[in-house]
Amino acid sequence: MEAARPAGTFVVVGGGIAGVTCAEQLAINFPAEDILLVTASPVIKAVTNFKQVSKVLEEFDVEEQPSTMLENRFPNIKVIESGVKQLKSDKHCIFTEDGREYVYKKLCLCAGAKPKLICEGNPYVLGIRDTDSAQEFQKQLTKARRIMIVGNGGIALELAYEVEGCEVIWAIKDKAIGNTFFDAGAAEFLTSRLLSEKSEAKLAHKRTIYTVEGKSKKGNQYQI
């Protein structure tokens, strides 16, 4: 194993949105300090097209970028492509999977969170937390006729609005949807709009099984 090498003031573990944003803010606020971003992935996930919609609502896109783009924007950031296998907080050092050791003064762990699922190990129960799990959900959704959304956070709100082409059952423990983001009155208004828009979408998706000379036969309709 290589000898411990100084890593500057800050070491950030995790190449997701939280880790990259943390490294960017550290680079902006401490331009004279060296910052290491340790990630197991060859690409990082950066926030682009950020907009402050309201006091508590923000809009942005998540974009996968090569780590060199981050290093080019911030000369004091160095990206280490390796997973972290051990942390020794008493010695202020981390050990990576490629056999190296890095010393830090301040450490920020942004390795991501794992959602607590209703039923662990069930292939029909998916926890959405990042772009990878969202892509897996999209793949499963192509064959689904009915889904249940459990939760009342931002991800659940977006799913309830965006998912089409199948029946959606939305289970929440609160009295109103989106109680973290808006009050009960706004929630009631948005719920009615959501239900009406979904009903209109269903009507728009109706089509006849066959036509004769451009005229639709009445009846024998089905929904997709």
# chains A, B, ... in the order shown; residues from 1 in each chain; ligands from 1
>>> closest_atom_pairs(of="range 70-185 of chain A", to="range 31-42 of chain A", cutoff="8 Å", atoms="only C-alpha atoms", output="Markdown table")
| residue | atom | partner | partner_atom | distance |
| --- | --- | --- | --- | --- |
| A:Asn76 | CA | A:Asp34 | CA | 5.1 |
| A:Ile77 | CA | A:Ile35 | CA | 4.8 |
| A:Lys78 | CA | A:Leu36 | CA | 5.0 |
| A:Val79 | CA | A:Leu37 | CA | 4.7 |
| A:Ile80 | CA | A:Val38 | CA | 4.7 |
| A:Glu81 | CA | A:Thr39 | CA | 5.2 |
| A:Ser82 | CA | A:Ala40 | CA | 4.4 |
| A:Gly83 | CA | A:Ala40 | CA | 4.4 |
| A:Val84 | CA | A:Val38 | CA | 7.7 |
>>> select_by_dssp(residues="range 52-183 of chain A", states="strand (DSSP E)", output="PyMOL selection string")
chain A and resi 52+58-66+77-81+84-88+93-96+101-103+106-109+146-150+167-171
>>> write_last_selection(atoms="N, CA and C atoms", output="compact mmCIF listing (two decimals), in the first residue's frame")
# COMPACT_ATOMS: atom_id res chain seq x y z
N GLN A 52 -34.77 28.84 -9.20
CA GLN A 52 -35.47 28.95 -7.92
C GLN A 52 -36.91 29.34 -8.22
N GLU A 58 -37.55 24.23 -6.18
CA GLU A 58 -36.45 24.46 -7.10
C GLU A 58 -36.61 23.55 -8.31
N GLU A 59 -36.14 24.00 -9.44
CA GLU A 59 -36.21 23.22 -10.67
C GLU A 59 -34.80 23.10 -11.26
N PHE A 60 -34.41 21.89 -11.61
CA PHE A 60 -33.10 21.69 -12.20
C PHE A 60 -33.07 20.37 -12.95
N ASP A 61 -32.06 20.23 -13.79
CA ASP A 61 -31.83 18.99 -14.52
C ASP A 61 -30.60 18.29 -13.95
N VAL A 62 -30.61 16.97 -14.02
CA VAL A 62 -29.45 16.18 -13.59
C VAL A 62 -28.76 15.64 -14.83
N GLU A 63 -27.49 15.92 -14.95
CA GLU A 63 -26.75 15.55 -16.15
C GLU A 63 -25.49 14.78 -15.78
N GLU A 64 -25.28 13.66 -16.43
CA GLU A 64 -24.05 12.90 -16.22
C GLU A 64 -22.93 13.49 -17.08
N GLN A 65 -21.81 13.77 -16.44
CA GLN A 65 -20.69 14.41 -17.12
C GLN A 65 -19.39 13.68 -16.78
N PRO A 66 -18.41 13.72 -17.68
CA PRO A 66 -17.09 13.18 -17.32
C PRO A 66 -16.46 14.03 -16.23
N ILE A 77 -10.08 21.34 -7.64
CA ILE A 77 -10.74 20.05 -7.41
C ILE A 77 -10.02 18.96 -8.20
N LYS A 78 -9.72 17.86 -7.52
CA LYS A 78 -9.15 16.69 -8.19
C LYS A 78 -10.08 15.51 -7.93
N VAL A 79 -10.46 14.81 -9.00
CA VAL A 79 -11.38 13.68 -8.90
C VAL A 79 -10.58 12.38 -8.85
N ILE A 80 -10.85 11.57 -7.84
CA ILE A 80 -10.23 10.25 -7.69
C ILE A 80 -11.28 9.20 -8.03
N GLU A 81 -11.02 8.42 -9.07
CA GLU A 81 -11.99 7.40 -9.50
C GLU A 81 -11.69 6.08 -8.80
N VAL A 84 -14.43 3.80 -1.89
CA VAL A 84 -13.83 3.87 -0.55
C VAL A 84 -14.18 2.59 0.20
N LYS A 85 -13.16 1.92 0.72
CA LYS A 85 -13.40 0.66 1.42
C LYS A 85 -13.25 0.77 2.93
N GLN A 86 -12.57 1.82 3.41
CA GLN A 86 -12.37 1.93 4.85
C GLN A 86 -12.16 3.39 5.25
N LEU A 87 -12.67 3.73 6.42
CA LEU A 87 -12.51 5.07 6.98
C LEU A 87 -11.95 4.94 8.39
N LYS A 88 -10.88 5.68 8.66
CA LYS A 88 -10.32 5.75 10.01
C LYS A 88 -10.42 7.20 10.47
N CYS A 93 -8.11 9.67 7.86
CA CYS A 93 -7.69 9.13 6.56
C CYS A 93 -8.73 8.14 6.05
N ILE A 94 -8.76 8.00 4.73
CA ILE A 94 -9.62 7.02 4.07
C ILE A 94 -8.76 6.11 3.21
N PHE A 95 -9.25 4.89 3.00
CA PHE A 95 -8.56 3.91 2.16
C PHE A 95 -9.47 3.59 0.97
N THR A 96 -8.92 3.69 -0.22
CA THR A 96 -9.70 3.42 -1.42
C THR A 96 -9.46 2.00 -1.92
N GLU A 101 -4.20 5.55 0.15
CA GLU A 101 -4.63 6.14 1.41
C GLU A 101 -4.56 7.66 1.29
N TYR A 102 -5.62 8.33 1.74
CA TYR A 102 -5.68 9.78 1.64
C TYR A 102 -5.99 10.38 3.00
N VAL A 103 -5.22 11.39 3.35
CA VAL A 103 -5.40 12.09 4.62
C VAL A 103 -6.24 13.34 4.38
N LYS A 106 -10.90 17.88 6.69
CA LYS A 106 -12.36 17.85 6.80
C LYS A 106 -12.89 16.83 5.79
N LEU A 107 -13.85 16.03 6.24
CA LEU A 107 -14.41 14.98 5.39
C LEU A 107 -15.91 15.19 5.23
N CYS A 108 -16.38 15.07 4.00
CA CYS A 108 -17.82 15.16 3.72
C CYS A 108 -18.25 13.86 3.04
N LEU A 109 -19.13 13.11 3.70
CA LEU A 109 -19.61 11.84 3.16
C LEU A 109 -20.93 12.07 2.43
N ARG A 146 -50.89 -1.58 -13.64
CA ARG A 146 -51.29 -0.90 -12.40
C ARG A 146 -50.07 -0.78 -11.50
N ILE A 147 -49.87 0.40 -10.94
CA ILE A 147 -48.76 0.60 -10.00
C ILE A 147 -49.29 1.28 -8.74
N MET A 148 -48.57 1.11 -7.65
CA MET A 148 -48.89 1.82 -6.41
C MET A 148 -47.69 2.68 -6.03
N ILE A 149 -47.96 3.95 -5.77
CA ILE A 149 -46.93 4.88 -5.30
C ILE A 149 -47.13 5.06 -3.80
N VAL A 150 -46.10 4.76 -3.04
CA VAL A 150 -46.16 4.91 -1.58
C VAL A 150 -45.21 6.03 -1.18
N GLU A 167 -52.96 2.31 -14.51
CA GLU A 167 -53.68 2.76 -13.32
C GLU A 167 -52.68 3.07 -12.21
N VAL A 168 -52.89 4.20 -11.53
CA VAL A 168 -51.99 4.63 -10.46
C VAL A 168 -52.77 4.70 -9.15
N ILE A 169 -52.31 3.98 -8.15
CA ILE A 169 -52.85 4.06 -6.80
C ILE A 169 -51.80 4.75 -5.94
N TRP A 170 -52.20 5.85 -5.31
CA TRP A 170 -51.25 6.67 -4.54
C TRP A 170 -51.61 6.58 -3.07
N ALA A 171 -50.71 6.03 -2.26
CA ALA A 171 -50.94 5.85 -0.83
C ALA A 171 -50.06 6.81 -0.04
>>> atom_distance(atom1="CA of Leu194 in chain A", atom2="CA of Val163 in chain A")
11.4 Å
>>> atom_distance(atom1="CA of Ile44 in chain A", atom2="CA of Glu71 in chain A")
11.2 Å
>>> select_by_dssp(residues="range 25-102 of chain A", states="alpha helix (DSSP H)", output="ChimeraX atom specification")
/A:25-29,67-73
>>> write_last_selection(atoms="C-alpha atoms", output="PDB file, in the first residue's frame")
ATOM      1  CA  GLN A  25     -19.413  25.042  -3.246  1.00  0.00           C
ATOM      2  CA  LEU A  26     -16.207  24.278  -1.360  1.00  0.00           C
ATOM      3  CA  ALA A  27     -14.173  25.207  -4.434  1.00  0.00           C
ATOM      4  CA  ILE A  28     -16.041  28.510  -4.741  1.00  0.00           C
ATOM      5  CA  ASN A  29     -15.820  29.441  -1.062  1.00  0.00           C
ATOM      6  CA  SER A  67     -15.094  14.104 -14.237  1.00  0.00           C
ATOM      7  CA  THR A  68     -12.693  16.165 -16.351  1.00  0.00           C
ATOM      8  CA  MET A  69     -15.421  18.784 -16.861  1.00  0.00           C
ATOM      9  CA  LEU A  70     -15.539  19.409 -13.117  1.00  0.00           C
ATOM     10  CA  GLU A  71     -11.745  19.611 -12.883  1.00  0.00           C
ATOM     11  CA  ASN A  72     -11.644  22.056 -15.792  1.00  0.00           C
ATOM     12  CA  ARG A  73     -14.196  24.345 -14.147  1.00  0.00           C
TER      13      ARG A  73
END
>>> closest_residue(among="A:Asp98, A:Phe30, A:Asp132, A:Ser89", to="Lys45 in chain A", atoms="only C-alpha atoms")
A:Asp132
>>> closest_residue(among="A:Ala186, A:Leu117, A:Ile128, A:Cys22", to="Glu158 in chain A", atoms="only C-alpha atoms")
A:Ile128
